Each structure stands twice: as structure tokens, then as C-alpha cells.
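*Asks:* After the C-alpha cells below, expect a handful of questions from me.
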Amino acid sequence: MKKIKVAVLDDYQNVTRHFANWETLSENIELKVINEYIGDDANLSDKLFDFDILCLMRERTPLPGILINKLPNLKLVITSGMWNASIDSETLKKKDIIYCGTETKIHSTAELAWALIMNSWRGLQIEIQNMKEGNWQTTIGRGLKGNTLGVFGLGKQGLQVVGYAKAFGMRVIAWSHNLKKEDCEKVGVEYVSSADLFKMSDILTIHTRLSERTRGYIDNNNLKLMKKTSIIINTSRGPIIKEHDLIKALNNETISCAALDVYDKEPLPRDHILRKTKNLILTPHIGYVSEEAYEKFYNGYLKAIEAFINKKPINQIP
């Protein structure tokens with residue numbers, strides 16, 4: 001029997017075989033793990049041409065319609081999690097390619113957001129570097145208690161962060177395009193207007209999805225509304241903030257600091273200006289990168305492939 005060709009893309013840490021026992025499918029599949037990012041490769045269709053199944057890690061390598069149409073052998077696409085904005089699901093549907101997802105764990109992104117809040121607000125990054133360089137205290141930290149956390153998007157991630165903020169004695173306000181006052185009242189959060197979200201927040205944390213309405217929403221005009229002492233945390237999607245406007249705001253000290261885990265272009269190029277921008281903390285999109293999430297993702301790939309082989313697809317995404 002001819003083996004099914006499976007590709008796992010963008011396994012940056014080379015952990016595909018660590019988090020799932022692929023030997024259970026060894027008689028049925030031929031597995032190739034791709035560790036480097038190849039999403040910008042002009043010959044991407046050539047590299048993926050032979051595969052029957054693609055396993056995608058979040059939105060690392062996009063799968064637009066133009067690429068799907070160049071992959072005649074493709075029969076199954078699996079994304080980690082149950083949502084992936086970089087996959088053209090309509091083209092998959094037109095070509096009768098099965099599209100499914102995996103279970104996930106969501107707590108790690110909210111936890112990272114809080115870690116970045118603590119780091120940025122307290123000036124930990126500077127003092128950690130001071131100690132490595134043989135120096136001593138140079139900053140005066142700020143406490144969180146009594147300050148205002150603004151939450152842009154009150155979904156699962158945003159609600160987790162709200163819980164952390166309340167434990168630290170913070171005032172919490174929220175706004176997003178679909179958010180209603182009664183939604184906020186149910187969870188003890190103050191509903192405010194968009195303008196007030198920016199004006200009142202000492203710390204603004206982003207937990208809304210990227211959409212046509214949110215793309216570039218945090219721009220120069222909204223940044224100018226913020227306090228000079230305020231900070232922004234983004235663990236959602238890079239393009240929600242206009243990158244150039246944020247760099248300008250940091251360089252001009254319109255706001256005091258920002259911390260980003262997500263970017264317009266990923267992986268972030270080595271020579272990107274963000275790496276040299278002052279008052280900015282960067283992490284390499286690790287919000288969802290945790291042992292608990294990876295166990296769900298990689299075992300989810302296995303389960304989906306096994307179900308496909310048995311002609312009983314699971315976790316299909318409309």
C-alpha cells in the first residue's frame with residue numbers, strides 16, 4: 001500500500017516527535033518535519049507539491065488559495081487549534097480538501113501577557129541587564145495596585161487577564177467593536193468608549209482578533225490619546241497596531257513603553273527596526289508555545305490523520 005505523505009511545517013523547536021508518538025502511524029504515513037520557516041519561499045508550492053497532508057502550526061506559514069491550487073495531491077489540512085486566519089478555507093472547500101483542527105490550551109497566552117505587563121511596568125528588563133553587566137539599580141519601579149488596565153477585547157484571553165488584574169488590585173476597563181455594557185457588568189469590568197480606553201489606560205493589553213475593523217486600529221491618532229506614562233502589550237496579532245506609528249510613539253515618548261509578542265512579519269527579520277527601537281520589549285510569538293498546548297497540537301495532528309485514514313474525519317472546521 002502506498003504511504004500517505006505528511007508534512008509538519010514550521011517546527012521551529014524540532015519537537016514533533018517529542019510530543020506525539022508518530023510510530024503508531026508508521027505503516028500508513030511517510031512523515032517529513034520541516035523545521036525552518038519557508039512561508040516566504042517563492043518555490044513553496046514545489047516544496048509542498050508531493051504531500052497529501054499538511055500540518056500547520058498556527059499562522060506561521062499561510063495557506064492562501066493561490067498556493068492551494070498549486071497542490072494537486074493535497075487531501076487534508078490540519079491546523080493547530082480550531083481557527084486559522086491564514087488559511088483560505090473557501091478554496092479548500094471548493095477543492096473538497098478536508099480541513100480540521102486540534103484541541104488547544106489557551107491559558108499560556110494570557111499568562112505571557114501578564115508577564116510582559118509585569119516586566120514593562122516594573123522595568124525588570126533593564127535591571128536584569130544591569131545585573132548581567134555588573135551594574136546596580138538604575139530604575140524606580142511602579143506598582144500595579146490602583147492603576148487602570150485597559151482591555152481591548154474581552155474574550156477568553158482578555159477575561160483571564162482581567163482575573164490577574166483584579167488580584168493585583170487594579171481598576172479594569174474594556175472596549176471592543178462587539179463588546180456590550182452588559183457583558184462587562186457580568187464580569188465586574190467597567191465598559192468605556194474607544195477614546196476613553198486609550199485616554200484612561202495606564203496599561204493597554206490587546207486581546208481582540210485581527211479583522212478588517214481591527215487592522216491598524218491602534219494608530220497615531222489613538223496613541224496620542226494615551227498618557228505619556230502608559231504602556232501597550234500586544235499578544236494578539238501584530239497588524240492590530242500600525243507598526244510605524246508605534247515606533248514613532250516610542251521614539252517620541254508619546255507612551256513610555258510597549259511589549260510585543262506578535263508582528264506584521266513573522267519571523268521578525270534579524271535587521272528589523274523594531275529590534276533597535278527604544279523602550280520596547282520583544283518576544284518571538286511564544287504566547288501559545290507551551291508544553292501543554294504542544295501536547296494538544298501534535299497529538300491532535302495524529303488523531304486527525306488517523307480519523308482521515310479511517311474515513312471518519314474529526315474536528316472539521318467549516
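Residues in the C-alpha cells are named by chain (A, B, ... in the order shown) and by number from 1 within that chain; ligands are numbered from 1 in the order shown.
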Just the residues within 8 Å of Lys296 of chain A, please, counting only C-alpha atoms, with nothing from its chain fewer than 2 positions along; format it as a VMD selection string.
*Replies:* chain A and resid 102 to 105 292 to 294 298 to 300
*Asks:* Do you know which residues are at most 10 Å from segment 225-227 of chain A counting only C-alpha atoms, after dropping those on the same chain fewer than 4 positions away, and could you put them as a list in words?
*Replies:* Ala195, Asp196, Leu197, Phe198, Lys199, Met200, Ser201, Asp202, Ile203, Leu204, Asn220, Asn221, Ile231, Ile232, Glu253, Thr254, Ile255 and Ser256 of chain A
*Asks:* Give me a file of those residues, with N, CA and C atoms, as a PDB file, in the first residue's frame.
*Replies:*
```
ATOM      1  N   ALA A 195     -12.392  55.896  22.722  1.00  0.00           N
ATOM      2  CA  ALA A 195     -11.494  57.007  23.073  1.00  0.00           C
ATOM      3  C   ALA A 195     -11.068  56.925  24.536  1.00  0.00           C
ATOM      4  N   ASP A 196     -12.015  56.605  25.414  1.00  0.00           N
ATOM      5  CA  ASP A 196     -11.689  56.524  26.844  1.00  0.00           C
ATOM      6  C   ASP A 196     -10.775  55.337  27.159  1.00  0.00           C
ATOM      7  N   LEU A 197     -10.883  54.282  26.383  1.00  0.00           N
ATOM      8  CA  LEU A 197      -9.976  53.152  26.583  1.00  0.00           C
ATOM      9  C   LEU A 197      -8.529  53.613  26.464  1.00  0.00           C
ATOM     10  N   PHE A 198      -8.267  54.431  25.453  1.00  0.00           N
ATOM     11  CA  PHE A 198      -6.902  54.926  25.241  1.00  0.00           C
ATOM     12  C   PHE A 198      -6.539  56.020  26.239  1.00  0.00           C
ATOM     13  N   LYS A 199      -7.480  56.898  26.544  1.00  0.00           N
ATOM     14  CA  LYS A 199      -7.197  58.012  27.448  1.00  0.00           C
ATOM     15  C   LYS A 199      -6.965  57.558  28.889  1.00  0.00           C
ATOM     16  N   MET A 200      -7.729  56.564  29.332  1.00  0.00           N
ATOM     17  CA  MET A 200      -7.741  56.194  30.745  1.00  0.00           C
ATOM     18  C   MET A 200      -6.768  55.090  31.115  1.00  0.00           C
ATOM     19  N   SER A 201      -6.324  54.302  30.144  1.00  0.00           N
ATOM     20  CA  SER A 201      -5.493  53.133  30.447  1.00  0.00           C
ATOM     21  C   SER A 201      -4.075  53.521  30.842  1.00  0.00           C
ATOM     22  N   ASP A 202      -3.632  53.005  31.985  1.00  0.00           N
ATOM     23  CA  ASP A 202      -2.211  53.071  32.309  1.00  0.00           C
ATOM     24  C   ASP A 202      -1.490  51.959  31.552  1.00  0.00           C
ATOM     25  N   ILE A 203      -2.173  50.817  31.467  1.00  0.00           N
ATOM     26  CA  ILE A 203      -1.662  49.678  30.704  1.00  0.00           C
ATOM     27  C   ILE A 203      -2.768  49.236  29.763  1.00  0.00           C
ATOM     28  N   LEU A 204      -2.472  49.165  28.480  1.00  0.00           N
ATOM     29  CA  LEU A 204      -3.439  48.707  27.492  1.00  0.00           C
ATOM     30  C   LEU A 204      -2.983  47.357  26.950  1.00  0.00           C
ATOM     31  N   ASN A 220      -1.659  56.352  15.031  1.00  0.00           N
ATOM     32  CA  ASN A 220      -1.104  57.573  15.597  1.00  0.00           C
ATOM     33  C   ASN A 220      -2.149  58.366  16.377  1.00  0.00           C
ATOM     34  N   ASN A 221      -3.378  58.444  15.840  1.00  0.00           N
ATOM     35  CA  ASN A 221      -4.436  59.220  16.499  1.00  0.00           C
ATOM     36  C   ASN A 221      -4.792  58.642  17.862  1.00  0.00           C
ATOM     37  N   ILE A 231       1.689  52.142  28.925  1.00  0.00           N
ATOM     38  CA  ILE A 231       2.350  51.107  28.135  1.00  0.00           C
ATOM     39  C   ILE A 231       1.309  50.305  27.365  1.00  0.00           C
ATOM     40  N   ILE A 232       1.761  49.652  26.283  1.00  0.00           N
ATOM     41  CA  ILE A 232       0.901  48.801  25.453  1.00  0.00           C
ATOM     42  C   ILE A 232       1.501  47.403  25.404  1.00  0.00           C
ATOM     43  N   GLU A 253       8.466  59.348  22.795  1.00  0.00           N
ATOM     44  CA  GLU A 253       7.994  59.224  24.180  1.00  0.00           C
ATOM     45  C   GLU A 253       6.552  59.685  24.352  1.00  0.00           C
ATOM     46  N   THR A 254       5.740  59.411  23.309  1.00  0.00           N
ATOM     47  CA  THR A 254       4.298  59.636  23.412  1.00  0.00           C
ATOM     48  C   THR A 254       3.713  58.687  24.444  1.00  0.00           C
ATOM     49  N   ILE A 255       4.240  57.444  24.498  1.00  0.00           N
ATOM     50  CA  ILE A 255       3.960  56.484  25.558  1.00  0.00           C
ATOM     51  C   ILE A 255       5.305  56.036  26.127  1.00  0.00           C
ATOM     52  N   SER A 256       5.274  55.396  27.284  1.00  0.00           N
ATOM     53  CA  SER A 256       6.550  55.110  27.944  1.00  0.00           C
ATOM     54  C   SER A 256       7.190  53.796  27.512  1.00  0.00           C
TER      55      SER A 256
END
```
*Asks:* Find the spatial neighbours of segment 20-32 of chain A, counting only C-alpha atoms, within a cut-off of 7 Å - ignore same-chain residues fewer than 6 positions away - and output them as a PDB file with C-alpha atoms, in the first residue's frame.
*Replies:*
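Writing the result to out02.pdb gives the following:
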```pdb
ATOM      1  CA  LYS A   3       2.071   5.536   2.115  1.00  0.00           C
ATOM      2  CA  ILE A   4       0.382   8.884   2.675  1.00  0.00           C
ATOM      3  CA  LYS A   5       2.858  11.754   2.567  1.00  0.00           C
ATOM      4  CA  VAL A   6       2.577  14.063   5.580  1.00  0.00           C
ATOM      5  CA  ALA A   7       4.420  17.323   6.184  1.00  0.00           C
ATOM      6  CA  VAL A   8       4.610  19.103   9.531  1.00  0.00           C
ATOM      7  CA  TYR A 298       0.806  17.355  17.961  1.00  0.00           C
ATOM      8  CA  ASN A 299      -1.431  14.630  19.334  1.00  0.00           C
TER       9      ASN A 299
END
```
*Asks:* Considering only strand (DSSP E) as DSSP defines it on the backbone, what residues of segment 6-248 of chain A qualify? List them as number ranges by chain.
*Replies:* A: 6-8, 29-33, 53-56, 76-79, 98-100, 148-152, 171-175, 190-191, 203-206, 231-234
*Asks:* Suppose you want the space between atom CA of Tyr217 of chain A and atom CA of Leu179 of chain A; what is it in Å?
*Replies:*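 Atom CA of Leu179 of chain A lies at a distance of 15.6 Å from atom CA of Tyr217 of chain A.
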*Asks:* To one decimal place, how far is atom CA of Lys145 of chain A from atom CA of Gly163 of chain A in Å?
*Replies:*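 Interatomic distance here is 13.5 Å.
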*Asks:* Pick out each residue of segment 69-254 of chain A that DSSP on the backbone tags as helix (DSSP H, G or I); I need them as a PyMOL selection string.
*Replies:* chain A and resi 89-94+107-122+124-132+156-167+181-186+194-200+220-225+238-240+243-251
*Asks:* Ranking A:Pro239, A:Pro267, A:Pro318, A:Gly169 by minimum distance to Asp40 of chain A and counting only C-alpha atoms, which one comes first?
*Replies:*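 The closest residue to Asp40 of chain A is A:Pro267.
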*Asks:* For atom CA of Lys181 of chain A and atom CA of Tyr164 of chain A, determine how far apart the two atoms are, in Å to one decimal place.
*Replies:* 20.9 Å
*Asks:* Quick one: residues within 10 Å of Leu56 of chain A, only C-alpha atoms counted, chain neighbours fewer than 6 positions away excluded, as a list in words?
*Replies:*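 Near neighbours after the sequence-gap exclusion: Ala7, Val8, Leu9, Asp10, Asp11, Pro62, Leu63, Val77, Ile78, Thr79, Ser80, Gly81, Asn84, Ile87, Gly101, Phe297 and Tyr301 of chain A.
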*Asks:* Point out the residue among A:Trp121, A:Tyr99, A:Phe19, A:Tyr191 with the least atom-to-atom distance to Ala174 of chain A, counting only C-alpha atoms.
*Replies:*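 Checking each of A:Trp121, A:Tyr99, A:Phe19, A:Tyr191 against Ala174 of chain A, counting only C-alpha atoms, the winner is A:Tyr191.
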*Asks:* Excluding Ser211 of chain A and its own-chain neighbours fewer than 4 positions away, which residues fall within 10 Å of it when counting only C-alpha atoms? Please give them as a PDB file with N, CA and C atoms, in the first residue's frame.
*Replies:*
```pdb
ATOM      1  N   ALA A  85      -6.598  32.205  10.617  1.00  0.00           N
ATOM      2  CA  ALA A  85      -6.953  33.260   9.668  1.00  0.00           C
ATOM      3  C   ALA A  85      -6.120  33.229   8.401  1.00  0.00           C
ATOM      4  N   ARG A 215      -7.675  45.850  12.071  1.00  0.00           N
ATOM      5  CA  ARG A 215      -6.373  46.026  11.405  1.00  0.00           C
ATOM      6  C   ARG A 215      -5.969  47.501  11.430  1.00  0.00           C
ATOM      7  N   GLY A 216      -4.842  47.785  12.040  1.00  0.00           N
ATOM      8  CA  GLY A 216      -4.346  49.156  12.104  1.00  0.00           C
ATOM      9  C   GLY A 216      -5.164  50.084  12.982  1.00  0.00           C
ATOM     10  N   TYR A 217      -5.997  49.504  13.844  1.00  0.00           N
ATOM     11  CA  TYR A 217      -6.876  50.348  14.668  1.00  0.00           C
ATOM     12  C   TYR A 217      -6.074  51.195  15.653  1.00  0.00           C
ATOM     13  N   ARG A 237      -2.349  39.936  17.604  1.00  0.00           N
ATOM     14  CA  ARG A 237      -1.826  39.913  16.245  1.00  0.00           C
ATOM     15  C   ARG A 237      -1.144  41.242  15.948  1.00  0.00           C
ATOM     16  N   PRO A 239      -0.609  43.228  13.217  1.00  0.00           N
ATOM     17  CA  PRO A 239      -1.191  44.315  12.420  1.00  0.00           C
ATOM     18  C   PRO A 239      -2.305  45.099  13.095  1.00  0.00           C
ATOM     19  N   ILE A 240      -2.738  44.700  14.299  1.00  0.00           N
ATOM     20  CA  ILE A 240      -3.733  45.495  15.023  1.00  0.00           C
ATOM     21  C   ILE A 240      -3.142  46.860  15.376  1.00  0.00           C
TER      22      ILE A 240
END
```
*Asks:* A:Gln316, A:Asn178, A:Asn222, A:Asn279: which is nearest Asp245 of chain A, counting only C-alpha atoms?
*Replies:*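 Counting only C-alpha atoms, the residue closest to Asp245 of chain A is A:Asn222.
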*Asks:* Name all residues at most 12 Å from Gly141 of chain A (count only C-alpha atoms; drop same-chain ones fewer than 3 positions away) and give them as a list in words.
*Replies:*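 What passes the distance filter is Met118, Asn119, Ser120, Trp121, Arg122, Gly123, Leu124, Gln125, Ile126, Glu127, Gln137, Thr138 and Leu144 of chain A.
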*Asks:* For Asn234 of chain A, which residue out of A:Ser194, A:Thr109, A:Ser45, A:Asn310 is the nearest one, using only C-alpha atoms?
*Replies:*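 When distances to Asn234 of chain A are compared using only C-alpha atoms, the smallest one comes from A:Thr109.
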